[in-house]
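As stored in start10.cif (mmCIF, C-alpha atoms):
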data_run
#
loop_
_atom_site.label_atom_id
_atom_site.label_comp_id
_atom_site.auth_asym_id
_atom_site.auth_seq_id
_atom_site.Cartn_x
_atom_site.Cartn_y
_atom_site.Cartn_z
CA MET W 1 -6.38 -37.96 -31.68
CA VAL W 2 -3.18 -36.20 -32.58
CA ARG W 3 -0.29 -38.63 -32.76
CA GLU W 4 3.16 -37.17 -32.23
CA LEU W 5 5.83 -38.58 -34.53
CA GLY W 6 9.55 -38.90 -34.11
CA VAL W 7 9.47 -38.96 -30.30
CA SER W 8 11.22 -41.99 -28.86
CA HIS W 9 10.03 -43.96 -25.83
CA ARG W 10 12.83 -42.28 -23.88
CA PHE W 11 11.13 -38.92 -24.49
CA TRP W 12 7.76 -40.24 -23.50
CA ARG W 13 8.83 -42.03 -20.32
CA HIS W 14 11.52 -39.60 -19.25
CA GLY W 15 10.30 -36.19 -20.41
CA THR W 16 12.75 -34.13 -18.38
CA LYS W 17 15.73 -36.29 -19.19
CA GLY W 18 14.76 -36.41 -22.86
CA GLY W 19 14.41 -32.63 -22.84
CA HIS W 20 17.95 -32.21 -21.51
CA LEU W 21 19.33 -34.68 -24.05
CA MET W 22 17.57 -32.85 -26.85
CA ARG W 23 18.81 -29.50 -25.62
CA ARG W 24 22.37 -30.78 -25.38
CA ARG W 25 22.29 -32.20 -28.91
CA TRP W 26 20.91 -28.91 -30.26
CA GLU W 27 23.58 -26.84 -28.58
CA GLN W 28 26.44 -29.14 -29.68
CA ASP W 29 25.69 -29.72 -33.36
CA GLY W 30 22.24 -28.34 -34.16
CA SER W 31 21.21 -31.82 -35.37
CA VAL W 32 17.98 -32.21 -33.40
CA GLU W 33 15.15 -33.31 -35.64
CA LEU W 34 11.84 -31.50 -35.33
CA HIS W 35 8.61 -33.20 -36.35
CA LEU W 36 5.17 -31.92 -37.21
CA VAL W 37 2.10 -33.84 -36.05
CA GLU W 38 -0.22 -36.21 -37.84
CA LEU W 39 -3.91 -35.36 -37.61
CA SER W 40 -4.78 -39.06 -37.47
CA ALA W 41 -3.09 -42.45 -37.17
CA SER W 42 -5.36 -43.82 -39.90
CA TRP W 43 -3.88 -44.05 -43.41
CA GLU W 44 -7.31 -43.42 -44.94
CA ALA W 45 -7.84 -40.27 -42.86
CA GLN W 46 -4.36 -39.01 -43.75
CA THR W 47 -5.04 -39.57 -47.45
CA ALA W 48 -8.40 -37.80 -47.24
CA HIS W 49 -6.74 -34.89 -45.42
CA ALA W 50 -4.06 -34.64 -48.10
CA ALA W 51 -6.62 -34.85 -50.93
CA LEU W 52 -8.76 -32.11 -49.37
CA LEU W 53 -5.77 -29.83 -48.89
CA LEU W 54 -4.65 -30.52 -52.46
CA VAL W 55 -8.05 -29.46 -53.84
CA VAL W 56 -8.03 -26.30 -51.71
CA TYR W 57 -4.47 -25.47 -52.73
CA LEU W 58 -5.11 -25.98 -56.44
CA THR W 59 -8.26 -23.83 -56.19
CA ALA W 60 -6.30 -21.02 -54.57
CA LEU W 61 -3.44 -21.47 -57.05
CA VAL W 62 -5.70 -21.22 -60.12
CA GLY W 63 -7.58 -18.25 -58.68
CA LYS W 64 -4.42 -16.33 -57.84
CA LEU W 65 -2.84 -16.97 -61.23
CA LEU W 66 -6.06 -15.86 -62.93
CA ILE W 67 -6.05 -12.55 -61.05
CA ILE W 68 -2.35 -11.97 -61.72
CA VAL W 69 -2.72 -12.67 -65.44
CA LEU W 70 -5.87 -10.59 -65.89
CA THR W 71 -4.54 -7.56 -64.02
CA THR W 72 -1.32 -7.79 -66.04
CA VAL W 73 -2.62 -8.20 -69.60
CA ASP W 74 -5.93 -6.30 -69.55
CA ALA W 75 -5.48 -2.64 -70.46
CA GLN W 76 -8.53 -1.48 -68.47
CA LEU W 77 -7.20 -2.93 -65.21
CA GLN W 78 -4.00 -0.88 -65.16
CA THR W 79 -5.04 1.19 -62.14
CA PRO W 80 -3.53 1.47 -58.63
CA MET W 81 -6.35 -0.65 -57.17
CA TYR W 82 -5.57 -3.60 -59.46
CA PHE W 83 -1.82 -3.05 -59.09
CA PHE W 84 -2.21 -3.66 -55.36
CA LEU W 85 -4.61 -6.55 -56.01
CA ARG W 86 -2.02 -8.18 -58.29
CA ASN W 87 0.65 -7.86 -55.60
CA LEU W 88 -1.73 -9.11 -52.92
CA SER W 89 -2.55 -12.15 -55.07
CA PHE W 90 1.14 -12.90 -55.54
CA LEU W 91 1.70 -12.58 -51.79
CA ASP W 92 -1.23 -14.93 -51.13
CA LEU W 93 0.15 -17.43 -53.63
CA CYS W 94 3.53 -17.47 -51.92
CA TYR W 95 1.94 -17.42 -48.45
CA ILE W 96 -0.21 -20.52 -48.91
CA SER W 97 2.65 -22.30 -50.73
CA VAL W 98 4.88 -22.05 -47.65
CA THR W 99 2.71 -24.30 -45.47
CA VAL W 100 0.12 -26.31 -47.41
CA PRO W 101 2.32 -28.27 -49.91
CA LYS W 102 4.54 -29.51 -47.07
CA SER W 103 1.47 -30.68 -45.13
CA ILE W 104 0.16 -32.48 -48.24
CA VAL W 105 3.48 -34.27 -48.75
CA ASN W 106 3.62 -35.22 -45.07
CA SER W 107 0.14 -36.77 -45.23
CA PHE W 108 0.88 -38.75 -48.39
CA THR W 109 4.34 -39.96 -47.31
CA HIS W 110 3.79 -40.13 -43.52
CA ASP W 111 7.14 -38.38 -43.09
CA SER W 112 6.63 -35.53 -40.63
CA SER W 113 10.26 -34.47 -40.18
CA ILE W 114 11.07 -30.84 -40.97
CA SER W 115 14.39 -30.18 -39.18
CA PHE W 116 16.33 -27.17 -40.55
CA ARG W 117 13.47 -26.41 -42.97
CA CYS W 118 11.47 -25.25 -39.97
CA ALA W 119 13.57 -22.06 -39.77
CA LEU W 120 13.02 -21.42 -43.49
CA GLN W 121 9.30 -21.98 -43.12
CA VAL W 122 9.10 -19.57 -40.19
CA PHE W 123 11.07 -16.93 -42.13
CA PHE W 124 8.88 -17.09 -45.23
CA PHE W 125 5.62 -17.50 -43.31
CA ILE W 126 6.21 -14.54 -40.97
CA GLY W 127 7.77 -12.41 -43.72
CA LEU W 128 4.91 -12.97 -46.17
CA ALA W 129 2.26 -12.52 -43.47
CA SER W 130 3.82 -9.21 -42.41
CA ALA W 131 4.04 -8.02 -46.02
CA GLU W 132 0.41 -9.00 -46.55
CA ILE W 133 -0.75 -7.03 -43.51
CA ALA W 134 1.11 -3.98 -44.82
CA THR W 135 -0.43 -4.48 -48.28
CA LEU W 136 -3.94 -4.81 -46.84
CA THR W 137 -3.36 -1.52 -45.02
CA VAL W 138 -2.28 0.11 -48.29
CA VAL W 139 -5.37 -1.26 -50.06
CA ALA W 140 -7.57 0.26 -47.34
CA TYR W 141 -5.84 3.63 -47.79
CA ASP W 142 -6.26 3.33 -51.57
CA CYS W 143 -10.02 2.83 -51.08
CA TYR W 144 -10.11 5.79 -48.69
CA VAL W 145 -8.41 8.15 -51.16
CA ALA W 146 -10.55 6.91 -54.09
CA ILE W 147 -13.82 7.46 -52.21
CA CYS W 148 -13.12 10.28 -49.78
CA GLN W 149 -10.50 12.29 -51.72
CA PRO W 150 -11.24 11.51 -55.41
CA LEU W 151 -9.77 14.78 -56.71
CA HIS W 152 -6.37 13.92 -55.20
CA TYR W 153 -6.43 10.23 -56.17
CA GLU W 154 -4.18 10.42 -59.24
CA ALA W 155 -1.63 12.63 -57.48
CA VAL W 156 -1.46 10.45 -54.36
CA THR W 157 -1.46 7.05 -56.09
CA ASP W 158 0.84 7.57 -59.05
CA HIS W 159 2.73 4.50 -60.29
CA GLY W 160 6.02 5.47 -58.66
CA ALA W 161 4.38 5.87 -55.25
CA CYS W 162 2.64 2.48 -55.62
CA VAL W 163 5.91 0.74 -56.45
CA ARG W 164 7.71 2.36 -53.50
CA VAL W 165 4.95 1.39 -51.08
CA MET W 166 5.02 -2.24 -52.21
CA ALA W 167 8.82 -2.30 -51.99
CA LEU W 168 8.58 -1.06 -48.39
CA SER W 169 5.99 -3.75 -47.62
CA TRP W 170 8.31 -6.49 -48.91
CA LEU W 171 11.31 -5.03 -47.05
CA GLY W 172 9.29 -4.79 -43.84
CA GLY W 173 8.13 -8.40 -44.20
CA THR W 174 11.70 -9.59 -44.80
CA ALA W 175 12.92 -7.75 -41.71
CA SER W 176 10.09 -9.22 -39.63
CA GLY W 177 10.91 -12.76 -40.77
CA LEU W 178 14.60 -12.35 -40.03
CA MET W 179 13.90 -10.95 -36.56
CA HIS W 180 11.67 -13.89 -35.62
CA VAL W 181 14.08 -16.52 -36.96
CA ALA W 182 17.08 -14.91 -35.23
CA ALA W 183 15.24 -14.55 -31.93
CA THR W 184 13.70 -18.05 -31.95
CA PHE W 185 16.35 -20.35 -33.41
CA SER W 186 19.24 -18.82 -31.48
CA LEU W 187 17.64 -20.12 -28.25
CA PRO W 188 18.03 -23.60 -26.72
CA PHE W 189 15.16 -26.01 -27.36
CA CYS W 190 14.08 -28.44 -24.66
CA GLY W 191 11.36 -31.02 -24.08
CA PHE W 192 9.73 -32.99 -26.87
CA ASN W 193 10.76 -32.41 -30.47
CA SER W 194 7.21 -32.48 -31.85
CA VAL W 195 5.58 -29.24 -33.10
CA HIS W 196 1.86 -29.40 -32.32
CA GLN W 197 0.81 -28.00 -35.70
CA PHE W 198 0.78 -28.85 -39.41
CA PHE W 199 3.50 -26.24 -39.97
CA CYS W 200 6.18 -24.45 -37.95
CA ASP W 201 4.31 -21.64 -36.21
CA ILE W 202 5.86 -19.32 -33.64
CA PRO W 203 3.37 -19.98 -30.77
CA GLN W 204 3.96 -23.73 -31.00
CA LEU W 205 7.73 -23.31 -31.24
CA LEU W 206 7.72 -21.17 -28.10
CA SER W 207 6.37 -24.15 -26.14
CA LEU W 208 9.58 -26.03 -27.08
CA LEU W 209 11.92 -23.29 -25.87
CA ASP W 210 13.43 -22.90 -22.44
CA SER W 211 11.01 -20.55 -20.67
CA LYS W 212 13.92 -18.75 -18.95
CA VAL W 213 15.48 -17.48 -22.19
CA ILE W 214 12.58 -16.54 -24.45
CA VAL W 215 12.71 -12.84 -23.52
CA ASN W 216 14.22 -11.84 -26.88
CA GLU W 217 11.50 -13.60 -28.87
CA ILE W 218 8.82 -12.11 -26.62
CA ARG W 219 10.24 -8.65 -27.32
CA VAL W 220 10.14 -9.31 -31.06
CA MET W 221 6.55 -10.54 -30.80
CA VAL W 222 5.51 -7.47 -28.81
CA PHE W 223 7.19 -5.16 -31.33
CA ILE W 224 5.59 -6.89 -34.34
CA THR W 225 2.22 -7.02 -32.55
CA CYS W 226 2.36 -3.25 -32.00
CA LEU W 227 2.96 -2.76 -35.73
CA VAL W 228 0.04 -5.07 -36.54
CA LEU W 229 -2.19 -3.11 -34.16
CA LEU W 230 -1.09 0.11 -35.86
CA CYS W 231 -2.06 -1.35 -39.24
CA PHE W 232 -5.40 -2.48 -37.80
CA VAL W 233 -6.09 1.00 -36.43
CA LEU W 234 -5.24 2.59 -39.79
CA ILE W 235 -7.50 0.13 -41.62
CA THR W 236 -10.33 0.77 -39.16
CA LEU W 237 -9.99 4.55 -39.48
CA SER W 238 -9.94 4.26 -43.28
CA TYR W 239 -13.20 2.33 -43.27
CA VAL W 240 -14.85 4.64 -40.77
CA TYR W 241 -14.24 7.54 -43.18
CA ILE W 242 -15.18 5.39 -46.19
CA PHE W 243 -18.53 4.28 -44.78
CA SER W 244 -19.39 7.76 -43.52
CA THR W 245 -18.74 9.09 -47.03
CA ILE W 246 -20.72 6.28 -48.68
CA MET W 247 -23.77 6.99 -46.54
CA ARG W 248 -23.83 10.56 -47.89
CA ILE W 249 -24.02 9.41 -51.53
CA PRO W 250 -27.55 10.26 -52.74
CA SER W 251 -27.79 7.51 -55.36
CA LYS W 252 -28.76 4.12 -53.96
CA GLU W 253 -27.15 2.34 -56.91
CA ALA W 254 -23.87 4.21 -56.40
CA ARG W 255 -23.90 3.35 -52.69
CA SER W 256 -24.45 -0.34 -53.46
CA LYS W 257 -21.62 -0.39 -56.01
CA THR W 258 -19.20 1.29 -53.60
CA PHE W 259 -20.13 -1.08 -50.78
CA ALA W 260 -19.62 -4.04 -53.13
CA THR W 261 -16.11 -2.77 -53.93
CA CYS W 262 -14.97 -2.25 -50.33
CA MET W 263 -16.77 -4.96 -48.34
CA PRO W 264 -14.77 -7.91 -49.76
CA HIS W 265 -11.53 -6.30 -48.62
CA LEU W 266 -12.98 -5.74 -45.16
CA VAL W 267 -14.06 -9.40 -44.93
CA VAL W 268 -10.57 -10.63 -45.86
CA VAL W 269 -8.89 -8.29 -43.36
CA THR W 270 -11.26 -9.36 -40.57
CA LEU W 271 -10.66 -13.08 -41.15
CA PHE W 272 -6.92 -12.69 -41.46
CA LEU W 273 -6.20 -10.36 -38.55
CA ILE W 274 -8.70 -11.65 -35.98
CA SER W 275 -7.88 -15.34 -36.41
CA GLY W 276 -4.14 -14.63 -36.43
CA SER W 277 -4.37 -12.39 -33.36
CA ILE W 278 -6.32 -15.00 -31.38
CA ALA W 279 -3.79 -17.70 -32.24
CA TYR W 280 -0.79 -15.58 -31.23
CA VAL W 281 -2.32 -14.09 -28.08
CA LYS W 282 -3.92 -17.31 -26.81
CA PRO W 283 -1.73 -19.11 -24.22
CA ILE W 284 -0.21 -22.33 -25.57
CA SER W 285 -0.80 -25.40 -23.44
CA SER W 286 1.40 -28.49 -23.33
CA SER W 287 -1.54 -30.56 -24.60
CA PRO W 288 -2.94 -28.74 -27.65
CA SER W 289 -6.69 -28.64 -28.14
CA PHE W 290 -8.68 -28.96 -31.35
CA LEU W 291 -8.86 -25.15 -31.44
CA ASP W 292 -5.05 -24.89 -31.41
CA LEU W 293 -4.87 -27.10 -34.49
CA PHE W 294 -7.91 -25.71 -36.31
CA LEU W 295 -7.54 -21.95 -35.76
CA PRO W 296 -4.43 -21.51 -37.95
CA VAL W 297 -6.47 -22.70 -40.93
CA PHE W 298 -8.33 -19.38 -40.80
CA TYR W 299 -5.18 -17.31 -41.28
CA THR W 300 -3.13 -19.69 -43.44
CA VAL W 301 -5.62 -21.34 -45.81
CA VAL W 302 -9.01 -19.57 -45.80
CA PRO W 303 -8.02 -16.00 -46.82
CA PRO W 304 -5.79 -17.03 -49.77
CA THR W 305 -8.53 -19.39 -50.97
CA LEU W 306 -11.40 -16.91 -50.62
CA ASN W 307 -9.59 -13.92 -52.13
CA PRO W 308 -9.96 -15.06 -55.77
CA ILE W 309 -13.68 -15.74 -55.23
CA ILE W 310 -14.26 -12.39 -53.53
CA TYR W 311 -12.20 -10.29 -55.92
CA SER W 312 -13.05 -12.08 -59.17
CA LEU W 313 -16.52 -13.59 -59.08
CA ARG W 314 -18.02 -10.58 -57.26
CA ASN W 315 -16.12 -7.90 -59.18
CA ARG W 316 -17.72 -6.56 -62.36
CA ASP W 317 -14.47 -5.23 -63.80
CA MET W 318 -12.70 -8.57 -63.31
CA LYS W 319 -15.57 -10.52 -64.88
CA ALA W 320 -15.65 -8.08 -67.80
CA ALA W 321 -11.87 -8.41 -68.25
CA LEU W 322 -12.15 -12.21 -68.22
CA GLY W 323 -14.85 -12.00 -70.88
CA ARG W 324 -12.72 -9.72 -73.05
CA GLN W 325 -9.72 -12.04 -72.82
CA CYS W 326 -11.83 -15.11 -73.62
CA VAL W 327 -13.31 -13.35 -76.68
CA ARG W 328 -9.83 -12.29 -77.79
CA LYS W 329 -8.52 -15.85 -77.52
CA THR W 330 -11.42 -17.30 -79.49
CA ASN W 331 -10.93 -14.72 -82.25
#

For this file, write the structure as structure tokens.
Amino acid sequence: MVRELGVSHRFWRHGTKGGHLMRRRWEQDGSVELHLVELSASWEAQTAHAALLLVVYLTALVGKLLIIVLTTVDAQLQTPMYFFLRNLSFLDLCYISVTVPKSIVNSFTHDSSISFRCALQVFFFIGLASAEIATLTVVAYDCYVAICQPLHYEAVTDHGACVRVMALSWLGGTASGLMHVAATFSLPFCGFNSVHQFFCDIPQLLSLLDSKVIVNEIRVMVFITCLVLLCFVLITLSYVYIFSTIMRIPSKEARSKTFATCMPHLVVVTLFLISGSIAYVKPISSSPSFLDLFLPVFYTVVPPTLNPIIYSLRNRDMKAALGRQCVRKTN
């Protein structure tokens, strides 16, 4: 059972009164203390949870750093595809580092307070997620040009264009994070001060806001959701053209190689966008279910952890580059 920390008996026995007291404190000096939740009251379960997350985080960390290093030092991987993969790996590394380390520390120390750091976590989480969605869209377009318009590939994806596109992705993510933080944390909080999640996520924070004044945040969410849907449509259209082109390739071996190149990206996009969309569209109840706590794992932990496996272990060029670097080091 989820045990909420940092909520006094006054909050539990007098929810409405506690909510008003909390709201008044927030409006006067901004000193209200937000708390995340423990997944279990048992010390052993908390330690096991922290150890599992630590293993997952270190696996993702090593995988991301391996991709970044290989695509930076290997001369044969200096192509637009691996330029975007390097940036995507760096985004994933930052993305998983925003939420998982804090959850590990909370489980080991049993200190669930987050306070003003909640706003920072929301900013970086939303900003990096938005930048990642934009980058995934660019990767889909890169695959489309490489397969469907190969004669124009070098002209369309020159280094300057790649740098500009990534700069726009980072700027768009920063703007998205700032909009969410400004719209959410400028509003009065009320009710309990416990966030029903292992990190500060917008849907859970909305349940702590006064329902009469969340119009601004709803507008921001609708605007960002429309942009995400646009990216999803562009990705879908790219793959429709890609697969229709692949099916016309006469060589079975060439078709298999092309599918092997594009399918991992499609798997990552599907996991990331579908799980995130369900979590943000699903109504938040006052008593969170197991699904509310478990679903965010699929868009915060799983994609960054699987990306190195998908892009490295199943990619011939990456495995060949790793072999070349190992041989070079031994010599």

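Here CA of Ala140 in chain W and CA of Pro203 in chain W stand 28.4 Å from one another.
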
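CA of Ala50 in chain W sits 21.8 Å away from CA of Pro308 in chain W.
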
- Message: Under the PyMOL selection byres ((chain W and resi 75-91) around 7), which residues of this model are included? Write them out as a list in words.
- Response: Lys64, Ile67, Ile68, Thr71, Val73, Asp74, Asp92, Leu93, Cys94, Tyr95, Leu128, Glu132, Thr135, Val139, Asp142, Thr157 and Cys162 of chain W

Evaluate the PyMOL selection byres ((chain W and resi 202) around 9) and record the selected residues as a compact mmCIF listing (two decimals) with C-alpha atoms, in the coordinates of the input, following the chain and residue labels used in the document.
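What follows is the written file out-v4.txt:
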# COMPACT_ATOMS: atom_id res chain seq x y z
CA VAL W 122 9.10 -19.57 -40.19
CA ILE W 126 6.21 -14.54 -40.97
CA HIS W 180 11.67 -13.89 -35.62
CA THR W 184 13.70 -18.05 -31.95
CA CYS W 200 6.18 -24.45 -37.95
CA ASP W 201 4.31 -21.64 -36.21
CA PRO W 203 3.37 -19.98 -30.77
CA GLN W 204 3.96 -23.73 -31.00
CA LEU W 205 7.73 -23.31 -31.24
CA LEU W 206 7.72 -21.17 -28.10
CA SER W 207 6.37 -24.15 -26.14
CA TYR W 280 -0.79 -15.58 -31.23

- Item | Hits from the PyMOL selection byres ((chain W and resi 182) around 12), listed as a ChimeraX atom specification | /W:119-120,122-123,175-181,183-187,214,216-217,220

- Task: Identify which of the residues W:Val281, W:Ile274, W:Val163, W:Ala321 lies closest to Ile218 in chain W, counting all atoms listed in the file when measuring atom-to-atom distances.
- Result: W:Val281
